file my_file_34.pdb (PDB, C-alpha atoms and all ligand atoms)
MODEL        1
ATOM      1  CA  MET A   1       0.000   0.000   0.000
ATOM      2  CA  ILE A   2       1.135   3.511  -0.764
ATOM      3  CA  GLU A   3       1.823   6.034   1.948
ATOM      4  CA  LEU A   4      -0.673   8.867   1.972
ATOM      5  CA  PRO A   5      -0.347  12.364   3.468
ATOM      6  CA  PRO A   6      -2.780  13.261   6.293
ATOM      7  CA  VAL A   7      -6.222  12.407   4.924
ATOM      8  CA  PRO A   8      -8.982  15.019   5.318
ATOM      9  CA  GLY A   9     -12.198  13.563   6.750
ATOM     10  CA  ARG A  10     -14.133  14.160   3.555
ATOM     11  CA  ILE A  11     -11.606  12.067   1.588
ATOM     12  CA  ALA A  12     -11.240   9.263   4.125
ATOM     13  CA  GLY A  13     -14.533   7.612   3.159
ATOM     14  CA  LEU A  14     -13.844   7.490  -0.581
ATOM     15  CA  PRO A  15     -13.422   4.116  -2.325
ATOM     16  CA  ARG A  16      -9.740   3.225  -2.906
ATOM     17  CA  ASP A  17      -8.000   1.785  -5.937
ATOM     18  CA  PRO A  18      -5.900  -1.404  -5.524
ATOM     19  CA  ARG A  19      -2.820   0.697  -4.638
ATOM     20  CA  GLY A  20      -4.704   2.501  -1.876
ATOM     21  CA  TYR A  21      -5.344   5.825  -3.610
ATOM     22  CA  PRO A  22      -8.744   7.373  -2.855
ATOM     23  CA  VAL A  23     -10.746   7.526  -6.093
ATOM     24  CA  PRO A  24     -12.257  10.986  -6.729
ATOM     25  CA  ALA A  25     -15.985  11.153  -7.447
ATOM     26  CA  GLU A  26     -15.295  12.660 -10.909
ATOM     27  CA  ASN A  27     -13.288   9.649 -12.133
ATOM     28  CA  LEU A  28     -14.564   7.031 -14.538
ATOM     29  CA  TRP A  29     -15.301   3.455 -13.409
ATOM     30  CA  GLN A  30     -15.227   0.648 -15.964
ATOM     31  CA  GLN A  31     -16.372  -2.868 -15.123
ATOM     32  CA  GLY A  32     -16.017  -2.133 -11.431
ATOM     33  CA  LYS A  33     -12.487  -0.735 -11.851
ATOM     34  CA  PRO A  34     -11.696   2.944 -11.156
ATOM     35  CA  GLN A  35      -9.851   4.841 -13.893
ATOM     36  CA  LEU A  36      -7.741   7.361 -11.977
ATOM     37  CA  ALA A  37      -6.415   8.913 -15.174
ATOM     38  CA  VAL A  38      -9.827   9.570 -16.726
ATOM     39  CA  GLN A  39     -12.320  12.197 -15.617
ATOM     40  CA  ASP A  40     -15.856  11.368 -16.718
ATOM     41  CA  PHE A  41     -17.640  14.432 -18.127
ATOM     42  CA  ARG A  42     -21.007  13.033 -16.962
ATOM     43  CA  ARG A  43     -19.781  12.720 -13.395
ATOM     44  CA  CYS A  44     -18.102  16.160 -13.616
ATOM     45  CA  GLY A  45     -21.372  17.760 -14.744
ATOM     46  CA  ALA A  46     -23.646  15.819 -12.400
ATOM     47  CA  LEU A  47     -21.497  16.514  -9.343
ATOM     48  CA  TYR A  48     -21.509  20.276  -9.743
ATOM     49  CA  ALA A  49     -25.145  20.397 -10.844
ATOM     50  CA  HIS A  50     -25.917  18.604  -7.570
ATOM     51  CA  GLY A  51     -23.756  21.065  -5.597
ATOM     52  CA  ALA A  52     -21.093  18.468  -4.822
ATOM     53  CA  CYS A  53     -17.280  18.547  -4.769
ATOM     54  CA  ALA A  54     -15.521  16.968  -7.770
ATOM     55  CA  VAL A  55     -13.169  15.031  -5.498
ATOM     56  CA  CYS A  56     -15.111  13.876  -2.429
ATOM     57  CA  GLY A  57     -18.676  14.172  -3.748
ATOM     58  CA  LEU A  58     -19.840  15.872  -0.531
ATOM     59  CA  PRO A  59     -21.791  19.149  -0.571
ATOM     60  CA  LEU A  60     -20.135  22.462  -1.339
ATOM     61  CA  THR A  61     -21.361  25.270   0.892
ATOM     62  CA  PRO A  62     -23.064  28.075  -1.070
ATOM     63  CA  GLY A  63     -20.711  31.045  -1.164
ATOM     64  CA  GLU A  64     -17.539  29.114  -0.311
ATOM     65  CA  THR A  65     -14.401  29.619  -2.406
ATOM     66  CA  LEU A  66     -14.165  26.917  -5.107
ATOM     67  CA  TYR A  67     -10.848  25.261  -5.929
ATOM     68  CA  ARG A  68      -8.994  23.521  -8.748
ATOM     69  CA  LEU A  69      -5.349  22.635  -9.530
ATOM     70  CA  PHE A  70      -3.541  24.183 -12.494
ATOM     71  CA  SER A  71      -0.353  23.558 -14.416
ATOM     72  CA  HIS A  72       2.082  26.481 -14.539
ATOM     73  CA  ASP A  73       0.967  27.929 -17.873
ATOM     74  CA  GLU A  74      -2.744  27.451 -17.200
ATOM     75  CA  ALA A  75      -2.362  29.162 -13.822
ATOM     76  CA  GLU A  76      -0.533  32.148 -15.303
ATOM     77  CA  GLN A  77      -3.139  32.688 -17.975
ATOM     78  CA  THR A  78      -6.022  32.207 -15.539
ATOM     79  CA  VAL A  79      -4.660  34.699 -13.020
ATOM     80  CA  LYS A  80      -4.047  37.248 -15.784
ATOM     81  CA  GLN A  81      -7.603  36.908 -17.118
ATOM     82  CA  ASP A  82      -9.130  36.365 -13.652
ATOM     83  CA  ALA A  83     -11.117  33.576 -15.318
ATOM     84  CA  CYS A  84     -10.820  30.316 -17.215
ATOM     85  CA  LYS A  85     -12.856  27.638 -18.922
ATOM     86  CA  ARG A  86     -12.248  23.999 -18.018
ATOM     87  CA  ALA A  87     -13.803  20.593 -18.562
ATOM     88  CA  ASP A  88     -13.545  19.662 -14.886
ATOM     89  CA  GLY A  89     -15.487  21.014 -11.943
ATOM     90  CA  PRO A  90     -14.432  22.597  -8.654
ATOM     91  CA  GLY A  91     -13.953  21.175  -5.201
ATOM     92  CA  HIS A  92     -13.219  21.906  -1.550
ATOM     93  CA  ARG A  93      -9.886  23.484  -0.633
ATOM     94  CA  ASP A  94      -8.729  20.446   1.390
ATOM     95  CA  CYS A  95      -9.802  18.032  -1.320
ATOM     96  CA  MET A  96      -7.822  19.846  -4.014
ATOM     97  CA  ILE A  97      -4.790  20.188  -1.708
ATOM     98  CA  PHE A  98      -4.946  16.419  -1.161
ATOM     99  CA  SER A  99      -5.064  15.897  -4.933
ATOM    100  CA  GLY A 100      -2.067  18.207  -5.334
ATOM    101  CA  ALA A 101      -0.170  16.138  -2.767
ATOM    102  CA  THR A 102      -0.961  12.751  -4.314
ATOM    103  CA  CYS A 103      -1.700  13.148  -8.045
ATOM    104  CA  PRO A 104       1.506  12.182  -9.897
ATOM    105  CA  PHE A 105       0.980  14.930 -12.496
ATOM    106  CA  PHE A 106       0.636  17.791 -10.012
ATOM    107  CA  ALA A 107       3.005  16.487  -7.333
ATOM    108  CA  THR A 108       6.045  16.187  -9.634
ATOM    109  CA  ALA A 109       7.992  19.077 -11.176
ATOM    110  CA  GLY A 110       8.376  18.600 -14.929
ATOM    111  CA  ALA A 111       5.621  15.955 -15.095
ATOM    112  CA  ARG A 112       3.669  15.483 -18.290
ATOM    113  CA  ARG A 113       0.159  14.245 -18.680
ATOM    114  CA  THR A 114       0.385  10.806 -20.204
ATOM    115  CA  TYR A 115      -3.309  10.392 -20.878
ATOM    116  CA  GLU A 116      -5.916  12.014 -23.066
ATOM    117  CA  SER A 117      -7.454  14.989 -21.372
ATOM    118  CA  ARG A 118     -10.196  16.997 -22.962
ATOM    119  CA  GLU A 119      -8.870  20.419 -22.058
ATOM    120  CA  THR A 120      -5.200  19.832 -22.733
ATOM    121  CA  ALA A 121      -3.356  17.939 -25.410
ATOM    122  CA  LYS A 122      -1.614  14.675 -24.583
ATOM    123  CA  GLY A 123       1.761  15.240 -22.997
ATOM    124  CA  THR A 124       1.048  18.757 -21.719
ATOM    125  CA  PRO A 125       3.816  19.700 -19.276
ATOM    126  CA  ARG A 126       2.998  20.665 -15.705
ATOM    127  CA  GLY A 127       5.883  23.156 -15.704
ATOM    128  CA  ALA A 128       8.365  23.957 -12.920
ATOM    129  CA  THR A 129       5.525  24.842 -10.583
ATOM    130  CA  ALA A 130       1.827  24.078 -10.314
ATOM    131  CA  ALA A 131      -0.866  26.082  -8.557
ATOM    132  CA  LEU A 132      -3.961  25.774  -6.440
ATOM    133  CA  LEU A 133      -6.428  28.500  -7.359
ATOM    134  CA  GLY A 134      -9.565  29.431  -5.451
ATOM    135  CA  PHE A 135     -12.461  31.178  -7.212
ATOM    136  CA  ALA A 136     -15.422  33.295  -6.182
ATOM    137  CA  ALA A 137     -17.779  31.643  -8.661
ATOM    138  CA  VAL A 138     -18.056  28.797 -11.146
ATOM    139  CA  GLN A 139     -20.779  28.461 -13.765
ATOM    140  CA  ILE A 140     -21.528  25.256 -15.592
ATOM    141  CA  ALA A 141     -22.576  25.152 -19.229
ATOM    142  CA  MET A 142     -23.718  22.054 -21.103
ATOM    143  CA  THR A 143     -24.307  21.266 -24.706
ATOM    144  CA  GLN A 144     -27.583  19.384 -24.927
ATOM    145  CA  GLU A 145     -26.671  17.527 -28.103
ATOM    146  CA  PRO A 146     -24.454  14.452 -27.839
ATOM    147  CA  PRO A 147     -21.709  14.047 -26.796
ATOM    148  CA  HIS A 148     -22.981  16.421 -24.095
ATOM    149  CA  ALA A 149     -19.911  18.555 -23.600
ATOM    150  CA  VAL A 150     -19.708  20.052 -20.123
ATOM    151  CA  TRP A 151     -17.793  23.255 -19.477
ATOM    152  CA  PHE A 152     -17.022  25.116 -16.288
ATOM    153  CA  HIS A 153     -16.450  28.863 -16.323
ATOM    154  CA  TYR A 154     -14.326  29.822 -13.336
ATOM    155  CA  GLY A 155     -14.125  33.480 -12.327
ATOM    156  CA  GLY A 156     -12.720  35.791  -9.642
ATOM    157  CA  VAL A 157      -9.421  34.430  -8.307
ATOM    158  CA  GLU A 158      -9.543  34.662  -4.494
ATOM    159  CA  GLU A 159      -6.570  32.498  -3.518
ATOM    160  CA  HIS A 160      -3.397  31.509  -5.363
ATOM    161  CA  ILE A 161      -0.885  29.028  -3.924
ATOM    162  CA  THR A 162       2.082  28.086  -6.090
ATOM    163  CA  PHE A 163       3.895  24.830  -5.298
ATOM    164  CA  THR A 164       6.798  22.800  -6.637
ATOM    165  CA  THR A 165       6.373  19.398  -5.001
ATOM    166  CA  GLY A 166       3.517  17.341  -3.611
ATOM    167  CA  ASP A 167       5.205  17.546  -0.175
ATOM    168  CA  GLU A 168       4.451  21.266  -0.057
ATOM    169  CA  MET A 169       0.776  20.513  -0.520
ATOM    170  CA  ALA A 170       0.915  17.611   1.964
ATOM    171  CA  ALA A 171       2.288  20.015   4.591
ATOM    172  CA  LEU A 172      -0.955  22.011   4.364
ATOM    173  CA  LEU A 173      -3.074  18.982   5.251
ATOM    174  CA  THR A 174      -4.323  17.757   8.593
ATOM    175  CA  ALA A 175      -6.285  14.594   9.202
ATOM    176  CA  SER A 176      -9.803  15.593  10.230
ATOM    177  CA  GLU A 177     -13.072  14.017  11.256
ATOM    178  CA  ALA A 178     -15.481  12.996   8.512
ATOM    179  CA  PRO A 179     -18.487  15.321   8.388
ATOM    180  CA  ARG A 180     -21.822  14.140   9.822
ATOM    181  CA  GLY A 181     -25.440  14.951   9.119
ATOM    182  CA  PRO A 182     -26.603  16.606   5.880
ATOM    183  CA  GLY A 183     -22.989  17.562   5.098
ATOM    184  CA  ALA A 184     -22.131  13.862   4.859
ATOM    185  CA  ILE A 185     -24.428  12.856   2.006
ATOM    186  CA  ARG A 186     -22.015  11.846  -0.737
ATOM    187  CA  LYS A 187     -22.718  11.930  -4.463
ATOM    188  CA  TYR A 188     -20.783   8.994  -5.859
ATOM    189  CA  TRP A 189     -21.683   6.735  -8.728
ATOM    190  CA  LYS A 190     -19.730   3.517  -9.163
ATOM    191  CA  THR A 191     -21.821   1.781 -11.819
ATOM    192  CA  GLU A 192     -23.012   2.753 -15.299
ATOM    193  CA  PRO A 193     -26.742   2.575 -14.431
ATOM    194  CA  GLU A 194     -26.135   4.916 -11.450
ATOM    195  CA  VAL A 195     -24.132   7.453 -13.415
ATOM    196  CA  LYS A 196     -26.547   7.317 -16.348
ATOM    197  CA  ARG A 197     -29.412   8.137 -13.995
ATOM    198  CA  ALA A 198     -27.491  11.030 -12.420
ATOM    199  CA  TRP A 199     -26.539  12.344 -15.848
ATOM    200  CA  ALA A 200     -30.153  12.179 -17.083
ATOM    201  CA  GLN A 201     -31.216  14.204 -14.013
ATOM    202  CA  THR A 202     -28.474  16.706 -14.744
ATOM    203  CA  LEU A 203     -29.660  17.195 -18.319
ATOM    204  CA  LYS A 204     -33.195  17.744 -17.026
ATOM    205  CA  LEU A 205     -31.939  20.387 -14.600
ATOM    206  CA  ALA A 206     -30.026  22.031 -17.425
ATOM    207  CA  ALA A 207     -33.086  22.011 -19.695
ATOM    208  CA  ARG A 208     -35.169  23.646 -16.954
ATOM    209  CA  HIS A 209     -32.652  26.293 -15.909
ATOM    210  CA  GLY A 210     -30.708  26.952 -19.100
ATOM    211  CA  THR A 211     -27.437  26.222 -17.402
ATOM    212  CA  ALA A 212     -27.583  23.949 -14.399
ATOM    213  CA  MET A 213     -26.422  25.760 -11.301
ATOM    214  CA  PRO A 214     -26.103  24.376  -7.825
ATOM    215  CA  GLY A 215     -28.531  25.831  -5.253
TER
HETATM  216 ZN    ZN B   1     -14.455  17.734  -1.355
ENDMDL
END
call {"tool": "encode", "arguments": {"input": "my_file_34.pdb", "output": "C-alpha cells"}}
result
Amino acid sequence: MIELPPVPGRIAGLPRDPRGYPVPAENLWQQGKPQLAVQDFRRCGALYAHGACAVCGLPLTPGETLYRLFSHDEAEQTVKQDACKRADGPGHRDCMIFSGATCPFFATAGARRTYESRETAKGTPRGATAALLGFAAVQIAMTQEPPHAVWFHYGGVEEHITFTTGDEMAALLTASEAPRGPGAIRKYWKTEPEVKRAWAQTLKLAARHGTAMPG
C-alpha cells in the first residue's frame, strides 16, 4: 500500500483503488475498476449540478471559495484573465490540496500528462511549478446535443498558492473528522446505471434552468 499524506475527513470515506489511492468522485469506473487517469464528463457535470465537490462528492457550501489545480501555464493565464474555462469542476480546498499532494501529475515538477485529457493535449507539461487557485464563482454550461460537452467557467481568483512538489501541498493537510449529518451525504456513482441516472437528471436540470447551477 502507498503512503498517503494526512487524509482530510471528507476524503477518508472514498473508495480506494488497488494501490490505496482514494478515487475521486469525478473519475470514470469501468467494469467495477476505477480509472484514476480519466475524468468522466457526466460525473463532472452531475457533481456540480448537484452542488457536490468533484473530489469527495460531498456538498459544497453556497458562497464558499471553489478550488482547482492548475499547471504552470494554465495558472498564469487564468490569473491574468481572472477567469478560465475547463472541462472539470471545482472542489473543496482540502480536497484539491490532497489531490495536489498525491496526483503524480501535479506532485512532480516537470511531469507530463500521459493520458488524453479533454482540455489539454496529450503530454502537456505541468511546468516547474503548479498552482492551487480558489475562485469566487463557477458556472456550468452544457451542450444538450451528444456528446454532451460540459464546461465550467471559473471566475474571480480569491486564492493563489504556487507549489513545486507534492510535499508542499501535503504540509498544508491535517487529518480531520469525517463530516456528519446533511454535510455527509455523498454523491458517488460507481456503476453505469447509477451514473446514467445522475446524468439524465443533470440534463433535465439544465433544460429547466438553461445552465444547471447548484442551489
Ligand atoms: Zn471535497
call {"tool": "atom_distance", "arguments": {"input": "my_file_34.pdb", "atom1": "atom CA of A:Ala83", "atom2": "atom CA of A:Phe135"}}
result
8.6 Å
call {"tool": "resolve_selection", "arguments": {"input": "my_file_34.pdb", "expression": "the PyMOL selection byres (((chain A and resi 199) around 10) and not hetatm)", "output": "ChimeraX atom specification"}}
result
/A:41-47,49,148,193-198,200-205
call {"tool": "resolve_selection", "arguments": {"input": "my_file_34.pdb", "expression": "the PyMOL selection byres (((not hetatm)) within 9 of (chain B and resi 1))", "output": "list in words"}}
result
Arg10, Ile11, Pro24, Ala52, Cys53, Ala54, Val55, Cys56, Gly57, Leu58, Pro59, Leu60, Pro90, Gly91, His92, Arg93, Asp94, Cys95 and Met96 of chain A
call {"tool": "closest_residue", "arguments": {"input": "my_file_34.pdb", "among": "A:Glu168, A:Asp82, A:Asp17, A:Glu76", "to": "A:Ala37", "atoms": "all atoms listed in the file"}}
result
A:Asp17
call {"tool": "atom_distance", "arguments": {"input": "my_file_34.pdb", "atom1": "atom CA of A:Arg68", "atom2": "atom CA of A:Glu177"}}
result
22.5 Å
call {"tool": "residues_around", "arguments": {"input": "my_file_34.pdb", "residues": "stretch 98-101 of chain A", "least_positions_apart": "2", "cutoff": "6 Å", "atoms": "all atoms listed in the file", "output": "list in words"}}
result
Cys95, Met96, Cys103, Phe106, Ala107, Gly166, Met169 and Ala170 of chain A
call {"tool": "atom_distance", "arguments": {"input": "my_file_34.pdb", "atom1": "atom CA of A:His153", "atom2": "atom CA of A:Glu74"}}
result
13.8 Å
call {"tool": "build_atoms", "arguments": {"input": "my_file_34.pdb", "residues": "stretch 53-84 of chain A", "atoms": "N, CA and C atoms", "output": "PDB file, in the coordinates of the input"}}
result
ATOM      1  N   CYS A  53     -18.707  18.410  -4.469  1.00  0.00           N
ATOM      2  CA  CYS A  53     -17.280  18.547  -4.769  1.00  0.00           C
ATOM      3  C   CYS A  53     -16.842  17.485  -5.780  1.00  0.00           C
ATOM      4  N   ALA A  54     -15.988  17.876  -6.730  1.00  0.00           N
ATOM      5  CA  ALA A  54     -15.521  16.968  -7.770  1.00  0.00           C
ATOM      6  C   ALA A  54     -14.683  15.823  -7.206  1.00  0.00           C
ATOM      7  N   VAL A  55     -14.061  16.043  -6.067  1.00  0.00           N
ATOM      8  CA  VAL A  55     -13.169  15.031  -5.498  1.00  0.00           C
ATOM      9  C   VAL A  55     -13.915  14.130  -4.516  1.00  0.00           C
ATOM     10  N   CYS A  56     -14.510  14.713  -3.486  1.00  0.00           N
ATOM     11  CA  CYS A  56     -15.111  13.876  -2.429  1.00  0.00           C
ATOM     12  C   CYS A  56     -16.584  13.589  -2.668  1.00  0.00           C
ATOM     13  N   GLY A  57     -17.258  14.393  -3.487  1.00  0.00           N
ATOM     14  CA  GLY A  57     -18.676  14.172  -3.748  1.00  0.00           C
ATOM     15  C   GLY A  57     -19.595  14.683  -2.645  1.00  0.00           C
ATOM     16  N   LEU A  58     -19.026  15.316  -1.620  1.00  0.00           N
ATOM     17  CA  LEU A  58     -19.840  15.872  -0.531  1.00  0.00           C
ATOM     18  C   LEU A  58     -20.227  17.314  -0.859  1.00  0.00           C
ATOM     19  N   PRO A  59     -21.267  17.837  -0.184  1.00  0.00           N
ATOM     20  CA  PRO A  59     -21.791  19.149  -0.571  1.00  0.00           C
ATOM     21  C   PRO A  59     -20.772  20.281  -0.455  1.00  0.00           C
ATOM     22  N   LEU A  60     -20.841  21.190  -1.411  1.00  0.00           N
ATOM     23  CA  LEU A  60     -20.135  22.462  -1.339  1.00  0.00           C
ATOM     24  C   LEU A  60     -21.084  23.433  -0.641  1.00  0.00           C
ATOM     25  N   THR A  61     -20.522  24.298   0.190  1.00  0.00           N
ATOM     26  CA  THR A  61     -21.361  25.270   0.892  1.00  0.00           C
ATOM     27  C   THR A  61     -21.579  26.474  -0.017  1.00  0.00           C
ATOM     28  N   PRO A  62     -22.851  26.900  -0.221  1.00  0.00           N
ATOM     29  CA  PRO A  62     -23.064  28.075  -1.070  1.00  0.00           C
ATOM     30  C   PRO A  62     -22.214  29.247  -0.588  1.00  0.00           C
ATOM     31  N   GLY A  63     -21.528  29.884  -1.511  1.00  0.00           N
ATOM     32  CA  GLY A  63     -20.711  31.045  -1.164  1.00  0.00           C
ATOM     33  C   GLY A  63     -19.260  30.713  -0.842  1.00  0.00           C
ATOM     34  N   GLU A  64     -18.933  29.417  -0.649  1.00  0.00           N
ATOM     35  CA  GLU A  64     -17.539  29.114  -0.311  1.00  0.00           C
ATOM     36  C   GLU A  64     -16.649  29.231  -1.550  1.00  0.00           C
ATOM     37  N   THR A  65     -15.367  29.537  -1.315  1.00  0.00           N
ATOM     38  CA  THR A  65     -14.401  29.619  -2.406  1.00  0.00           C
ATOM     39  C   THR A  65     -14.259  28.231  -3.028  1.00  0.00           C
ATOM     40  N   LEU A  66     -14.175  28.183  -4.373  1.00  0.00           N
ATOM     41  CA  LEU A  66     -14.165  26.917  -5.107  1.00  0.00           C
ATOM     42  C   LEU A  66     -12.799  26.705  -5.756  1.00  0.00           C
ATOM     43  N   TYR A  67     -12.254  25.489  -5.589  1.00  0.00           N
ATOM     44  CA  TYR A  67     -10.848  25.261  -5.929  1.00  0.00           C
ATOM     45  C   TYR A  67     -10.617  24.285  -7.076  1.00  0.00           C
ATOM     46  N   ARG A  68      -9.457  24.471  -7.740  1.00  0.00           N
ATOM     47  CA  ARG A  68      -8.994  23.521  -8.748  1.00  0.00           C
ATOM     48  C   ARG A  68      -7.476  23.662  -8.857  1.00  0.00           C
ATOM     49  N   LEU A  69      -6.804  22.603  -9.319  1.00  0.00           N
ATOM     50  CA  LEU A  69      -5.349  22.635  -9.530  1.00  0.00           C
ATOM     51  C   LEU A  69      -5.044  23.014 -10.964  1.00  0.00           C
ATOM     52  N   PHE A  70      -3.922  23.705 -11.162  1.00  0.00           N
ATOM     53  CA  PHE A  70      -3.541  24.183 -12.494  1.00  0.00           C
ATOM     54  C   PHE A  70      -2.068  23.916 -12.758  1.00  0.00           C
ATOM     55  N   SER A  71      -1.764  23.598 -14.017  1.00  0.00           N
ATOM     56  CA  SER A  71      -0.353  23.558 -14.416  1.00  0.00           C
ATOM     57  C   SER A  71       0.157  25.006 -14.468  1.00  0.00           C
ATOM     58  N   HIS A  72       1.473  25.150 -14.595  1.00  0.00           N
ATOM     59  CA  HIS A  72       2.082  26.481 -14.539  1.00  0.00           C
ATOM     60  C   HIS A  72       1.476  27.439 -15.556  1.00  0.00           C
ATOM     61  N   ASP A  73       1.434  27.025 -16.809  1.00  0.00           N
ATOM     62  CA  ASP A  73       0.967  27.929 -17.873  1.00  0.00           C
ATOM     63  C   ASP A  73      -0.517  28.257 -17.734  1.00  0.00           C
ATOM     64  N   GLU A  74      -1.299  27.221 -17.388  1.00  0.00           N
ATOM     65  CA  GLU A  74      -2.744  27.451 -17.200  1.00  0.00           C
ATOM     66  C   GLU A  74      -2.991  28.421 -16.048  1.00  0.00           C
ATOM     67  N   ALA A  75      -2.194  28.282 -14.986  1.00  0.00           N
ATOM     68  CA  ALA A  75      -2.362  29.162 -13.822  1.00  0.00           C
ATOM     69  C   ALA A  75      -2.036  30.597 -14.199  1.00  0.00           C
ATOM     70  N   GLU A  76      -0.938  30.783 -14.931  1.00  0.00           N
ATOM     71  CA  GLU A  76      -0.533  32.148 -15.303  1.00  0.00           C
ATOM     72  C   GLU A  76      -1.617  32.842 -16.113  1.00  0.00           C
ATOM     73  N   GLN A  77      -2.116  32.123 -17.102  1.00  0.00           N
ATOM     74  CA  GLN A  77      -3.139  32.688 -17.975  1.00  0.00           C
ATOM     75  C   GLN A  77      -4.427  32.975 -17.193  1.00  0.00           C
ATOM     76  N   THR A  78      -4.782  32.060 -16.310  1.00  0.00           N
ATOM     77  CA  THR A  78      -6.022  32.207 -15.539  1.00  0.00           C
ATOM     78  C   THR A  78      -5.948  33.408 -14.606  1.00  0.00           C
ATOM     79  N   VAL A  79      -4.811  33.570 -13.941  1.00  0.00           N
ATOM     80  CA  VAL A  79      -4.660  34.699 -13.020  1.00  0.00           C
ATOM     81  C   VAL A  79      -4.699  36.013 -13.800  1.00  0.00           C
ATOM     82  N   LYS A  80      -4.064  36.031 -14.963  1.00  0.00           N
ATOM     83  CA  LYS A  80      -4.047  37.248 -15.784  1.00  0.00           C
ATOM     84  C   LYS A  80      -5.462  37.630 -16.219  1.00  0.00           C
ATOM     85  N   GLN A  81      -6.249  36.636 -16.621  1.00  0.00           N
ATOM     86  CA  GLN A  81      -7.603  36.908 -17.118  1.00  0.00           C
ATOM     87  C   GLN A  81      -8.646  36.912 -15.999  1.00  0.00           C
ATOM     88  N   ASP A  82      -8.221  36.497 -14.791  1.00  0.00           N
ATOM     89  CA  ASP A  82      -9.130  36.365 -13.652  1.00  0.00           C
ATOM     90  C   ASP A  82     -10.295  35.422 -13.976  1.00  0.00           C
ATOM     91  N   ALA A  83     -10.063  34.506 -14.892  1.00  0.00           N
ATOM     92  CA  ALA A  83     -11.117  33.576 -15.318  1.00  0.00           C
ATOM     93  C   ALA A  83     -10.498  32.478 -16.159  1.00  0.00           C
ATOM     94  N   CYS A  84     -11.221  31.360 -16.284  1.00  0.00           N
ATOM     95  CA  CYS A  84     -10.820  30.316 -17.215  1.00  0.00           C
ATOM     96  C   CYS A  84     -12.003  29.407 -17.494  1.00  0.00           C
TER      97      CYS A  84
END
